[in-house]
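*Asks:* Structure: target11.cif, mmCIF, C-alpha atoms.
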```cif
data_work
#
loop_
_atom_site.label_atom_id
_atom_site.label_comp_id
_atom_site.auth_asym_id
_atom_site.auth_seq_id
_atom_site.Cartn_x
_atom_site.Cartn_y
_atom_site.Cartn_z
CA MET A 1 -37.41 -5.54 32.89
CA ARG A 2 -36.62 -9.13 32.08
CA ILE A 3 -38.56 -11.12 34.64
CA LEU A 4 -38.20 -14.84 35.33
CA LEU A 5 -40.99 -16.65 37.19
CA ALA A 6 -40.19 -20.15 38.47
CA LEU A 7 -42.60 -22.78 39.76
CA THR A 8 -42.96 -26.57 39.59
CA TYR A 9 -46.29 -26.76 37.72
CA TYR A 10 -47.61 -24.27 35.20
CA ARG A 11 -50.49 -24.25 32.77
CA PRO A 12 -52.26 -26.30 31.52
CA HIS A 13 -52.07 -27.76 35.05
CA ILE A 14 -54.86 -26.23 37.11
CA SER A 15 -54.41 -25.04 40.68
CA GLY A 16 -54.69 -21.75 42.52
CA LEU A 17 -50.92 -21.34 42.31
CA THR A 18 -50.69 -21.89 38.56
CA ILE A 19 -53.63 -19.57 37.88
CA TYR A 20 -52.01 -16.92 40.10
CA VAL A 21 -48.70 -17.07 38.24
CA GLU A 22 -50.37 -17.18 34.82
CA ARG A 23 -52.35 -14.01 35.59
CA LEU A 24 -49.27 -12.23 36.90
CA ALA A 25 -47.10 -13.31 33.95
CA ARG A 26 -49.68 -12.20 31.37
CA ALA A 27 -50.20 -8.83 33.02
CA LEU A 28 -46.48 -8.09 33.33
CA SER A 29 -45.98 -9.07 29.69
CA ALA A 30 -48.85 -6.79 28.66
CA ARG A 31 -47.06 -3.94 30.43
CA GLY A 32 -44.05 -4.39 28.16
CA HIS A 33 -41.81 -6.59 30.28
CA GLU A 34 -40.00 -9.62 28.91
CA VAL A 35 -41.44 -12.49 30.93
CA THR A 36 -40.29 -16.11 31.06
CA VAL A 37 -41.78 -18.95 33.09
CA LEU A 38 -39.39 -21.75 34.08
CA THR A 39 -41.28 -24.90 35.05
CA SER A 40 -41.45 -28.67 34.71
CA ARG A 41 -42.48 -30.60 31.62
CA TYR A 42 -44.67 -32.74 33.88
CA ASP A 43 -46.57 -34.00 30.84
CA PRO A 44 -44.15 -35.13 28.09
CA THR A 45 -46.69 -34.23 25.41
CA LEU A 46 -46.31 -30.55 26.29
CA PRO A 47 -43.85 -28.50 24.21
CA ALA A 48 -40.42 -27.92 25.73
CA GLU A 49 -40.78 -24.23 24.90
CA GLU A 50 -43.64 -22.07 23.69
CA ILE A 51 -45.12 -18.59 23.80
CA ARG A 52 -48.42 -18.40 25.72
CA ASP A 53 -50.19 -15.02 25.71
CA GLY A 54 -46.93 -13.16 25.22
CA VAL A 55 -45.12 -15.15 27.92
CA ARG A 56 -42.23 -17.47 27.08
CA VAL A 57 -42.64 -20.82 28.83
CA ARG A 58 -39.65 -23.13 29.20
CA ARG A 59 -40.39 -26.62 30.49
CA VAL A 60 -37.59 -28.78 31.89
CA PRO A 61 -37.80 -32.54 31.21
CA VAL A 62 -38.97 -34.74 34.09
CA LEU A 63 -37.12 -38.03 34.60
CA PHE A 64 -39.72 -39.35 37.05
CA ARG A 65 -42.42 -38.13 39.41
CA PHE A 66 -43.01 -39.14 43.02
CA SER A 67 -46.47 -38.01 44.12
CA LYS A 68 -46.43 -34.25 43.32
CA TRP A 69 -42.64 -33.99 43.34
CA VAL A 70 -40.81 -34.11 40.01
CA PHE A 71 -37.17 -35.06 39.45
CA MET A 72 -35.52 -32.87 36.79
CA PRO A 73 -31.77 -33.61 36.41
CA THR A 74 -31.23 -30.76 33.93
CA PHE A 75 -33.07 -28.16 36.00
CA PRO A 76 -29.92 -26.65 37.62
CA ALA A 77 -28.36 -25.95 34.22
CA ALA A 78 -31.59 -24.45 32.92
CA ALA A 79 -31.91 -22.30 36.04
CA VAL A 80 -28.34 -20.98 35.71
CA GLU A 81 -28.99 -20.06 32.09
CA GLU A 82 -32.34 -18.39 32.65
CA ILE A 83 -31.43 -16.50 35.82
CA GLY A 84 -28.31 -15.23 34.08
CA ARG A 85 -30.31 -13.63 31.28
CA HIS A 86 -33.00 -12.01 33.44
CA ASP A 87 -33.00 -8.96 35.71
CA VAL A 88 -35.01 -10.46 38.55
CA VAL A 89 -36.26 -13.92 39.52
CA SER A 90 -39.66 -14.49 41.07
CA ILE A 91 -39.65 -17.85 42.89
CA HIS A 92 -42.99 -19.39 43.79
CA LEU A 93 -43.06 -21.65 46.84
CA PRO A 94 -43.58 -24.31 47.94
CA GLN A 95 -41.30 -26.08 45.49
CA ALA A 96 -38.32 -28.37 46.00
CA GLU A 97 -36.12 -26.23 43.75
CA GLY A 98 -36.65 -23.06 45.81
CA VAL A 99 -33.29 -22.98 47.58
CA LEU A 100 -31.44 -23.87 44.37
CA LEU A 101 -33.06 -20.97 42.52
CA ALA A 102 -32.38 -18.51 45.35
CA ALA A 103 -28.75 -19.68 45.63
CA ILE A 104 -28.16 -19.32 41.88
CA ALA A 105 -29.71 -15.85 41.95
CA ARG A 106 -27.37 -14.88 44.80
CA MET A 107 -24.40 -16.32 42.90
CA LYS A 108 -25.40 -14.46 39.72
CA ARG A 109 -25.99 -11.25 41.71
CA LYS A 110 -29.60 -11.10 40.61
CA PRO A 111 -32.38 -10.12 43.03
CA SER A 112 -34.78 -12.86 44.04
CA VAL A 113 -38.33 -12.37 45.29
CA LEU A 114 -40.18 -15.32 46.80
CA THR A 115 -43.94 -15.60 46.69
CA TYR A 116 -44.99 -17.95 49.46
CA HIS A 117 -48.34 -19.37 48.42
CA CYS A 118 -48.93 -21.77 51.29
CA ASP A 119 -47.40 -24.17 53.75
CA LEU A 120 -46.94 -27.72 52.55
CA GLN A 121 -48.76 -30.57 54.25
CA MET A 122 -48.66 -33.91 52.49
CA PRO A 123 -51.56 -36.38 52.66
CA LYS A 124 -51.44 -39.05 55.38
CA VAL A 125 -48.98 -41.45 53.76
CA TRP A 126 -45.89 -42.94 55.37
CA TYR A 127 -43.48 -40.62 53.56
CA GLY A 128 -45.62 -37.50 54.10
CA PRO A 129 -43.85 -36.17 57.23
CA ILE A 130 -40.46 -36.72 55.58
CA VAL A 131 -41.44 -34.75 52.48
CA ASP A 132 -42.99 -32.00 54.63
CA ARG A 133 -39.77 -31.51 56.61
CA VAL A 134 -37.48 -31.66 53.58
CA VAL A 135 -39.52 -29.05 51.71
CA TYR A 136 -39.82 -26.91 54.84
CA TRP A 137 -36.05 -26.73 55.32
CA ASP A 138 -35.52 -26.18 51.59
CA ASN A 139 -37.98 -23.28 51.60
CA LEU A 140 -36.53 -21.95 54.86
CA LEU A 141 -33.08 -21.71 53.27
CA ALA A 142 -34.63 -20.13 50.16
CA ALA A 143 -36.26 -17.51 52.39
CA LYS A 144 -32.92 -16.77 54.05
CA LEU A 145 -31.26 -16.24 50.66
CA ALA A 146 -34.09 -14.23 49.06
CA ASP A 147 -34.16 -10.45 49.00
CA ARG A 148 -37.91 -10.13 49.62
CA ILE A 149 -40.89 -12.41 50.31
CA VAL A 150 -44.45 -11.82 49.13
CA ALA A 151 -47.37 -13.10 51.20
CA TYR A 152 -51.07 -12.85 50.36
CA THR A 153 -52.07 -11.53 53.79
CA GLU A 154 -50.42 -10.53 57.06
CA ASP A 155 -52.85 -12.91 58.77
CA PHE A 156 -51.37 -15.92 57.00
CA ALA A 157 -47.77 -14.69 57.21
CA SER A 158 -47.88 -14.14 60.96
CA HIS A 159 -49.33 -17.63 61.55
CA SER A 160 -47.08 -19.52 59.11
CA PRO A 161 -44.27 -21.45 60.86
CA LEU A 162 -41.95 -20.37 58.05
CA LEU A 163 -43.05 -16.84 57.14
CA SER A 164 -43.35 -15.72 60.75
CA ARG A 165 -39.56 -16.06 61.01
CA PHE A 166 -39.01 -13.54 58.20
CA MET A 167 -41.59 -10.83 58.79
CA GLU A 168 -38.96 -8.12 58.21
CA LYS A 169 -38.66 -9.37 54.61
CA VAL A 170 -42.38 -9.81 53.97
CA THR A 171 -44.37 -7.59 51.63
CA VAL A 172 -48.12 -8.23 51.62
CA ILE A 173 -49.70 -8.19 48.16
CA LEU A 174 -53.24 -9.42 47.62
CA PRO A 175 -53.45 -12.10 44.93
CA PRO A 176 -54.37 -11.26 41.32
CA VAL A 177 -58.08 -11.81 40.83
CA ILE A 178 -59.68 -11.36 37.45
CA ILE A 179 -62.76 -13.04 36.01
CA PRO A 180 -64.99 -12.40 32.97
CA ASP A 181 -68.59 -11.27 33.32
CA PRO A 182 -71.26 -13.98 33.19
CA THR A 183 -73.76 -14.09 30.33
CA PRO A 184 -77.44 -15.13 30.30
CA GLU A 185 -76.68 -17.83 27.72
CA GLY A 186 -73.72 -19.12 29.71
CA LYS A 187 -75.77 -19.29 32.90
CA ARG A 188 -78.52 -21.16 31.08
CA LYS A 189 -76.05 -23.74 29.74
CA ILE A 190 -74.57 -24.35 33.20
CA LEU A 191 -78.04 -24.83 34.69
CA GLU A 192 -79.01 -27.22 31.90
CA LYS A 193 -75.76 -29.18 32.22
CA ALA A 194 -76.15 -29.50 35.98
CA GLY A 195 -79.91 -30.08 35.91
CA VAL A 196 -80.40 -28.01 39.06
CA ASP A 197 -82.71 -25.20 38.00
CA GLY A 198 -85.02 -24.41 40.91
CA LYS A 199 -82.69 -25.94 43.51
CA LYS A 200 -80.55 -24.21 46.10
CA LYS A 201 -77.05 -24.53 44.71
CA ILE A 202 -74.21 -25.05 47.19
CA CYS A 203 -71.02 -24.73 45.19
CA PHE A 204 -67.45 -25.97 45.57
CA ALA A 205 -64.69 -24.81 43.19
CA ALA A 206 -61.39 -26.64 43.56
CA ARG A 207 -59.53 -29.71 42.42
CA PHE A 208 -60.14 -32.77 44.57
CA ALA A 209 -57.24 -32.71 47.03
CA ALA A 210 -57.03 -33.87 50.62
CA GLU A 211 -56.70 -30.38 52.06
CA LYS A 212 -59.81 -28.98 50.31
CA GLY A 213 -62.32 -30.58 52.69
CA ALA A 214 -64.80 -31.81 50.07
CA ASP A 215 -65.67 -34.73 52.34
CA TYR A 216 -66.85 -32.37 55.10
CA LEU A 217 -69.06 -30.56 52.62
CA MET A 218 -70.60 -33.86 51.51
CA LYS A 219 -71.21 -34.90 55.12
CA SER A 220 -72.89 -31.56 55.81
CA ILE A 221 -75.73 -32.27 53.37
CA GLU A 222 -77.73 -34.41 55.82
CA HIS A 223 -77.69 -31.49 58.29
CA ILE A 224 -78.74 -29.02 55.58
CA LEU A 225 -81.69 -30.91 54.10
CA PRO A 226 -84.10 -30.49 57.06
CA ASP A 227 -83.93 -26.69 56.55
CA VAL A 228 -83.22 -26.59 52.81
CA PRO A 229 -84.80 -29.74 51.30
CA ASN A 230 -84.00 -28.70 47.73
CA ALA A 231 -80.25 -28.24 48.41
CA HIS A 232 -77.79 -29.58 45.84
CA ILE A 233 -73.98 -29.47 45.76
CA LEU A 234 -72.18 -28.56 42.53
CA PHE A 235 -68.48 -29.34 42.14
CA ALA A 236 -66.42 -27.40 39.60
CA GLY A 237 -62.82 -28.44 39.03
CA GLU A 238 -60.72 -31.50 38.33
CA TYR A 239 -61.84 -34.45 40.42
CA LYS A 240 -60.46 -37.53 38.65
CA ASN A 241 -56.76 -38.23 38.10
CA VAL A 242 -55.56 -35.22 40.09
CA ILE A 243 -51.75 -35.31 40.25
CA GLY A 244 -50.57 -36.73 43.57
CA GLU A 245 -54.10 -37.26 44.90
CA LYS A 246 -56.39 -40.28 45.46
CA VAL A 247 -59.18 -38.33 47.14
CA TYR A 248 -61.85 -39.06 44.55
CA LEU A 249 -61.32 -42.81 44.91
CA GLU A 250 -61.20 -42.59 48.70
CA MET A 251 -64.46 -40.63 48.77
CA GLN A 252 -66.46 -43.16 46.74
CA PRO A 253 -68.46 -44.39 49.75
CA LEU A 254 -69.50 -40.80 50.53
CA ILE A 255 -70.22 -40.04 46.89
CA ARG A 256 -72.43 -43.11 46.59
CA LYS A 257 -74.25 -42.24 49.83
CA TYR A 258 -75.08 -38.68 48.76
CA ARG A 259 -75.13 -39.15 44.96
CA ASP A 260 -78.67 -37.73 44.62
CA TYR A 261 -77.40 -34.39 45.95
CA LEU A 262 -74.09 -34.14 44.06
CA THR A 263 -73.17 -33.05 40.54
CA PHE A 264 -69.62 -32.94 39.16
CA LEU A 265 -69.10 -30.43 36.36
CA GLY A 266 -65.37 -30.94 35.88
CA VAL A 267 -62.94 -28.28 34.70
CA LEU A 268 -64.61 -25.12 33.40
CA SER A 269 -63.16 -22.30 31.31
CA PRO A 270 -62.75 -18.82 32.89
CA GLU A 271 -66.05 -17.85 31.24
CA GLY A 272 -67.60 -21.05 32.53
CA MET A 273 -66.43 -20.29 36.07
CA ALA A 274 -68.01 -16.81 35.90
CA ASN A 275 -71.32 -18.37 34.89
CA PHE A 276 -70.90 -21.06 37.56
CA PHE A 277 -70.42 -18.54 40.36
CA SER A 278 -73.33 -16.42 39.14
CA ILE A 279 -75.80 -19.32 39.54
CA CYS A 280 -74.51 -20.34 42.99
CA ASP A 281 -76.50 -19.54 46.10
CA VAL A 282 -73.38 -19.96 48.25
CA LEU A 283 -69.77 -20.96 47.63
CA VAL A 284 -68.11 -23.18 50.23
CA VAL A 285 -64.36 -23.17 50.94
CA ALA A 286 -64.04 -26.07 53.37
CA SER A 287 -60.23 -26.28 53.48
CA ILE A 288 -58.76 -28.00 56.51
CA ASN A 289 -55.13 -26.88 56.77
CA SER A 290 -52.58 -24.22 55.81
CA THR A 291 -51.96 -25.64 52.35
CA GLU A 292 -54.81 -23.22 51.64
CA SER A 293 -53.72 -19.67 52.40
CA PHE A 294 -56.47 -17.58 50.79
CA GLY A 295 -58.79 -19.14 48.23
CA LEU A 296 -58.91 -17.06 45.06
CA VAL A 297 -62.29 -18.53 44.24
CA GLN A 298 -63.84 -16.64 47.15
CA VAL A 299 -63.19 -13.28 45.52
CA GLU A 300 -64.21 -14.59 42.08
CA ALA A 301 -67.52 -15.71 43.58
CA MET A 302 -68.04 -12.41 45.41
CA LEU A 303 -67.45 -10.50 42.17
CA ASN A 304 -70.34 -12.52 40.73
CA GLY A 305 -72.69 -11.79 43.61
CA CYS A 306 -72.19 -15.08 45.44
CA PRO A 307 -71.62 -15.11 49.22
CA VAL A 308 -69.15 -17.51 50.81
CA VAL A 309 -68.83 -19.88 53.75
CA ALA A 310 -65.14 -20.36 54.55
CA THR A 311 -63.23 -22.18 57.25
CA ASN A 312 -61.45 -20.28 60.00
CA LEU A 313 -57.93 -20.66 58.65
CA PRO A 314 -55.34 -17.83 58.62
CA GLY A 315 -55.63 -16.07 55.28
CA VAL A 316 -58.66 -18.09 54.15
CA ARG A 317 -60.91 -16.12 56.51
CA GLN A 318 -59.72 -12.77 55.17
CA PRO A 319 -61.97 -12.32 52.07
CA VAL A 320 -65.10 -12.75 54.23
CA LYS A 321 -63.68 -10.47 56.95
CA MET A 322 -62.70 -7.82 54.40
CA THR A 323 -66.05 -7.78 52.61
CA GLY A 324 -68.68 -9.12 55.01
CA MET A 325 -69.88 -11.38 52.21
CA GLY A 326 -70.27 -14.60 54.13
CA GLU A 327 -69.68 -16.64 57.25
CA ILE A 328 -66.61 -18.21 58.85
CA VAL A 329 -66.76 -21.67 60.45
CA PRO A 330 -64.42 -24.02 62.34
CA ILE A 331 -62.43 -26.51 60.27
CA LYS A 332 -63.47 -30.17 60.02
CA ASP A 333 -66.94 -29.48 61.44
CA GLU A 334 -69.74 -30.52 59.08
CA VAL A 335 -72.47 -29.48 61.53
CA ALA A 336 -71.13 -25.92 61.86
CA LEU A 337 -70.60 -25.85 58.10
CA ALA A 338 -74.21 -26.86 57.52
CA LYS A 339 -75.56 -24.23 59.93
CA ALA A 340 -73.59 -21.48 58.20
CA ILE A 341 -74.69 -22.64 54.74
CA VAL A 342 -78.34 -22.61 55.81
CA LYS A 343 -77.93 -19.18 57.39
CA VAL A 344 -76.43 -17.70 54.23
CA ILE A 345 -79.04 -19.30 51.94
CA LYS A 346 -81.94 -18.05 54.08
CA ASN A 347 -80.51 -14.53 54.44
CA ARG A 348 -78.63 -14.29 51.15
CA SER A 349 -79.52 -10.70 50.25
CA SER A 350 -77.98 -9.37 53.47
CA TYR A 351 -74.56 -10.72 52.42
CA ILE A 352 -74.41 -9.21 48.94
CA ARG A 353 -72.10 -6.25 48.31
CA PRO A 354 -71.80 -4.12 45.15
CA LYS A 355 -69.43 -5.56 42.58
CA GLU A 356 -67.43 -2.34 42.35
CA GLU A 357 -66.89 -2.41 46.10
CA ILE A 358 -65.37 -5.88 45.88
CA ARG A 359 -63.34 -4.96 42.81
CA LYS A 360 -61.91 -1.92 44.62
CA ILE A 361 -60.78 -4.02 47.59
CA PHE A 362 -59.18 -6.67 45.36
CA SER A 363 -57.84 -4.50 42.55
CA PHE A 364 -56.07 -6.58 39.91
CA GLU A 365 -54.23 -3.56 38.55
CA GLU A 366 -52.97 -2.62 42.01
CA THR A 367 -51.70 -6.15 42.60
CA VAL A 368 -49.72 -6.12 39.34
CA SER A 369 -48.43 -2.58 40.01
CA ARG A 370 -47.20 -3.58 43.46
CA TYR A 371 -45.32 -6.56 42.03
CA GLU A 372 -43.88 -4.38 39.28
CA ALA A 373 -42.74 -1.76 41.82
CA LEU A 374 -41.22 -4.44 44.08
CA PHE A 375 -39.26 -5.95 41.20
CA GLU A 376 -38.04 -2.53 40.05
CA GLU A 377 -37.02 -1.63 43.59
CA GLN A 378 -34.99 -4.80 44.01
CA VAL A 379 -33.31 -4.43 40.62
CA GLY A 380 -32.42 -0.84 41.52
CA ILE A 381 -30.97 -1.87 44.88
CA ARG A 382 -28.88 -4.60 43.29
CA ASN A 383 -27.62 -2.21 40.57
CA GLU A 384 -26.57 0.32 43.20
CA ARG A 385 -24.55 -2.34 44.98
CA GLY A 386 -22.80 -3.14 41.71
#
```
Write the structure described by the file as structure tokens, please.
*Replies:*
Amino acid sequence: MRILLALTYYRPHISGLTIYVERLARALSARGHEVTVLTSRYDPTLPAEEIRDGVRVRRVPVLFRFSKWVFMPTFPAAAVEEIGRHDVVSIHLPQAEGVLLAAIARMKRKPSVLTYHCDLQMPKVWYGPIVDRVVYWDNLLAAKLADRIVAYTEDFASHSPLLSRFMEKVTVILPPVIIPDPTPEGKRKILEKAGVDGKKKICFAARFAAEKGADYLMKSIEHILPDVPNAHILFAGEYKNVIGEKVYLEMQPLIRKYRDYLTFLGVLSPEGMANFFSICDVLVVASINSTESFGLVQVEAMLNGCPVVATNLPGVRQPVKMTGMGEIVPIKDEVALAKAIVKVIKNRSSYIRPKEEIRKIFSFEETVSRYEALFEEQVGIRNERG
């Protein structure tokens, strides 16, 4: 098949969505499919077109950017061209171009499959509610036009204001999770870099964005220290100059207050993330709203023997529920977060599950096979209709 995947940001931008699409694109290409990614040239220094790991990446020029939204005047023409030459289009939402892509696919008589990664909820700025509603209605129309919709979990789909309206179209496919094995040398280097050998390591793996709840994790430290006096929080991921975010600057008072208990490691390679998770005593996913629908890092941590404390959000709570490897806490509650972190640290061995058990639940090969079968099914249906 000739498969087109479309999303606003792609690699080297780092987010759960871009990592998800990159893994899927690589795997489909490795299975012999012709795969193209259509995305924005959000950084003008990036090539307009390149081959990355067997995947053709076409980046459309950006005239200007407003927060996370990019304005691409030539995107419609590029979309018409690319959809016309592919057998199926995989549209990854939320994105402002979703309805345009679905409409062009319908016009070109090509099947379209949406993957709905999360609801959109802008930070608390004056234009936030406007952007939220515009994108919601755009994605709602895209969902109406699409042939099928992929959701990570039924839990999230049934609670999503948008997806719950289209449950008859929804196919649940667990996200693609793959991570290298840690190494003794790699673990040693992470410990040396962080300077936390001998401490209880509370870990956070995400870019600094408003919805990730890093501030609640920082606030929890004063409630953790009486029970775990050698606790230390490690942050892995982009924290400065995150596109569309000012969280790091806004959190400076908190960072200064708790600086003796915080270490920022920045962006790590896939190998670095494996070593990071393997040294963690507990991973915390403190997300506060439905812009987080799962948290791939939870499964990556579990595969490296690290239990998780996650907030009680639809979808986000599923990895812990499916494996038993952690605790679930209310959102925006640093005291409850602290209690769960202490509980996991003090009883860590009772939360560990065999790696093969976790790998079987979240099978990467099964995820790719289910996507492949869904695409083939939709292409076959469209060919039968003529």
*Asks:* Need to verify the contact set: Lys199 (chain A), 12 Å, all atoms listed in the file, exclusion of same-chain residues closer than 4 positions in sequence. Can you return it as a PyMOL selection string?
*Replies:* chain A and resi 191+194-195+203+225+228-234+261-262+279-281+345
*Asks:* Excluding same-chain residues fewer than 4 positions from Pro94 (chain A), what lies within 8 Å of it counting only C-alpha atoms, as a list of chain:residue names?
*Replies:* A:Gly98, A:Tyr116, A:His117, A:Cys118, A:Asp119, A:Leu120, A:Val135, A:Asn139
*Asks:* Go through the shown structure with the PyMOL selection byres ((chain A and resi 173) around 8) and write out the matching residues as a PyMOL selection string.
*Replies:* chain A and resi 150-153+171-172+174-175+367+370-371
*Asks:* Just so the selection is clear, what residues does the PyMOL selection byres ((chain A and resi 237-241) around 12) cover here, as JSON, numbers by chain?
*Replies:* {"A": [13, 14, 15, 16, 67, 203, 204, 205, 206, 207, 208, 209, 210, 212, 214, 234, 235, 236, 242, 243, 244, 245, 246, 247, 248, 249, 250, 251, 252, 255, 263, 264, 265, 266, 267, 268, 269, 270, 272, 273, 276, 297]}
*Asks:* Could those selected residues go to a file with C-alpha atoms, as a compact mmCIF listing (two decimals), keeping the file's coordinate frame?
*Replies:*
```txt
# COMPACT_ATOMS: atom_id res chain seq x y z
CA HIS A 13 -52.07 -27.76 35.05
CA ILE A 14 -54.86 -26.23 37.11
CA SER A 15 -54.41 -25.04 40.68
CA GLY A 16 -54.69 -21.75 42.52
CA SER A 67 -46.47 -38.01 44.12
CA CYS A 203 -71.02 -24.73 45.19
CA PHE A 204 -67.45 -25.97 45.57
CA ALA A 205 -64.69 -24.81 43.19
CA ALA A 206 -61.39 -26.64 43.56
CA ARG A 207 -59.53 -29.71 42.42
CA PHE A 208 -60.14 -32.77 44.57
CA ALA A 209 -57.24 -32.71 47.03
CA ALA A 210 -57.03 -33.87 50.62
CA LYS A 212 -59.81 -28.98 50.31
CA ALA A 214 -64.80 -31.81 50.07
CA LEU A 234 -72.18 -28.56 42.53
CA PHE A 235 -68.48 -29.34 42.14
CA ALA A 236 -66.42 -27.40 39.60
CA VAL A 242 -55.56 -35.22 40.09
CA ILE A 243 -51.75 -35.31 40.25
CA GLY A 244 -50.57 -36.73 43.57
CA GLU A 245 -54.10 -37.26 44.90
CA LYS A 246 -56.39 -40.28 45.46
CA VAL A 247 -59.18 -38.33 47.14
CA TYR A 248 -61.85 -39.06 44.55
CA LEU A 249 -61.32 -42.81 44.91
CA GLU A 250 -61.20 -42.59 48.70
CA MET A 251 -64.46 -40.63 48.77
CA GLN A 252 -66.46 -43.16 46.74
CA ILE A 255 -70.22 -40.04 46.89
CA THR A 263 -73.17 -33.05 40.54
CA PHE A 264 -69.62 -32.94 39.16
CA LEU A 265 -69.10 -30.43 36.36
CA GLY A 266 -65.37 -30.94 35.88
CA VAL A 267 -62.94 -28.28 34.70
CA LEU A 268 -64.61 -25.12 33.40
CA SER A 269 -63.16 -22.30 31.31
CA PRO A 270 -62.75 -18.82 32.89
CA GLY A 272 -67.60 -21.05 32.53
CA MET A 273 -66.43 -20.29 36.07
CA PHE A 276 -70.90 -21.06 37.56
CA VAL A 297 -62.29 -18.53 44.24
```
*Asks:* Which of these, A:Ile149, A:Ala6, A:Val379, A:Ile352, has the shortest distance to Met325 (chain A) once you count only C-alpha atoms?
*Replies:*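 When distances to Met325 (chain A) are compared using only C-alpha atoms, the smallest one comes from A:Ile352.
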*Asks:* Could you check which of A:Leu17, A:Arg52, A:Ser350, A:Arg2 is closest to Glu82 (chain A), using only C-alpha atoms?
*Replies:*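 Of all the options, A:Arg2 lies closest to Glu82 (chain A).
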*Asks:* For Glu300 (chain A), which residue out of A:Lys68, A:Arg26, A:Lys355, A:Arg148 is the nearest one, using all atoms listed in the file?
*Replies:*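 Of A:Lys68, A:Arg26, A:Lys355, A:Arg148, the one nearest Glu300 (chain A) is A:Lys355, counting all atoms listed in the file.
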*Asks:* With only C-alpha atoms as the basis for distance, which of A:Met302, A:Leu101, A:Leu46, A:Val89 is at the shortest distance from Met1 (chain A)?
*Replies:*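 Under the stated criterion, the closest residue is A:Val89.
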*Asks:* CA of Gly326 (chain A) to CA of Val308 (chain A): how many Å, to one decimal?
*Replies:*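 Spanning CA of Gly326 (chain A) to CA of Val308 (chain A) is a straight-line distance of 4.6 Å.
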*Asks:* Calculated over all atoms listed in the file, which of the candidates A:Leu337, A:Phe364, A:Met107, A:Leu7 has the smallest distance to Pro176 (chain A)?
*Replies:*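 Residue with the minimum atom-to-atom distance to Pro176 (chain A): A:Phe364.
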*Asks:* One decimal, Å: what's the distance from CA of Ile51 (chain A) over to CA of Pro73 (chain A), could you say?
*Replies:*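 Computing it gives 23.7 Å between the two atoms.
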*Asks:* When the PyMOL selection byres ((chain A and resi 307) around 10) is applied to the file above, which residues end up in the set, as a CSV table (one decimal) with C-alpha atoms, in the coordinates of the input?
*Replies:*
```csv
chain,number,residue,atom,x,y,z
A,277,PHE,CA,-70.4,-18.5,40.4
A,280,CYS,CA,-74.5,-20.3,43.0
A,281,ASP,CA,-76.5,-19.5,46.1
A,282,VAL,CA,-73.4,-20.0,48.2
A,283,LEU,CA,-69.8,-21.0,47.6
A,284,VAL,CA,-68.1,-23.2,50.2
A,298,GLN,CA,-63.8,-16.6,47.2
A,299,VAL,CA,-63.2,-13.3,45.5
A,301,ALA,CA,-67.5,-15.7,43.6
A,302,MET,CA,-68.0,-12.4,45.4
A,303,LEU,CA,-67.4,-10.5,42.2
A,304,ASN,CA,-70.3,-12.5,40.7
A,305,GLY,CA,-72.7,-11.8,43.6
A,306,CYS,CA,-72.2,-15.1,45.4
A,308,VAL,CA,-69.2,-17.5,50.8
A,309,VAL,CA,-68.8,-19.9,53.8
A,310,ALA,CA,-65.1,-20.4,54.6
A,320,VAL,CA,-65.1,-12.8,54.2
A,323,THR,CA,-66.0,-7.8,52.6
A,324,GLY,CA,-68.7,-9.1,55.0
A,325,MET,CA,-69.9,-11.4,52.2
A,326,GLY,CA,-70.3,-14.6,54.1
A,327,GLU,CA,-69.7,-16.6,57.2
A,341,ILE,CA,-74.7,-22.6,54.7
A,344,VAL,CA,-76.4,-17.7,54.2
A,345,ILE,CA,-79.0,-19.3,51.9
A,348,ARG,CA,-78.6,-14.3,51.2
A,349,SER,CA,-79.5,-10.7,50.2
A,350,SER,CA,-78.0,-9.4,53.5
A,351,TYR,CA,-74.6,-10.7,52.4
A,352,ILE,CA,-74.4,-9.2,48.9
A,353,ARG,CA,-72.1,-6.2,48.3
```
*Asks:* Up to 10 Å from (-39.5, -28.6, 48.2) in the file's coordinates: name the residues, counting all atoms listed in the file, as a list in words.
*Replies:*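 Taken together, the residues in range are Thr8, Trp69, Val70, Leu93, Pro94, Gln95, Ala96, Glu97, Gly98, Val99, Leu120, Val131, Asp132, Arg133, Val134, Val135, Tyr136, Trp137, Asp138, Asn139, Leu140 and Ala142 of chain A.
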*Asks:* What does the structure give for the distance between CA of Glu168 (chain A) and CA of Leu145 (chain A), in Å to one decimal?
*Replies:*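 CA of Glu168 (chain A) sits 13.5 Å away from CA of Leu145 (chain A).
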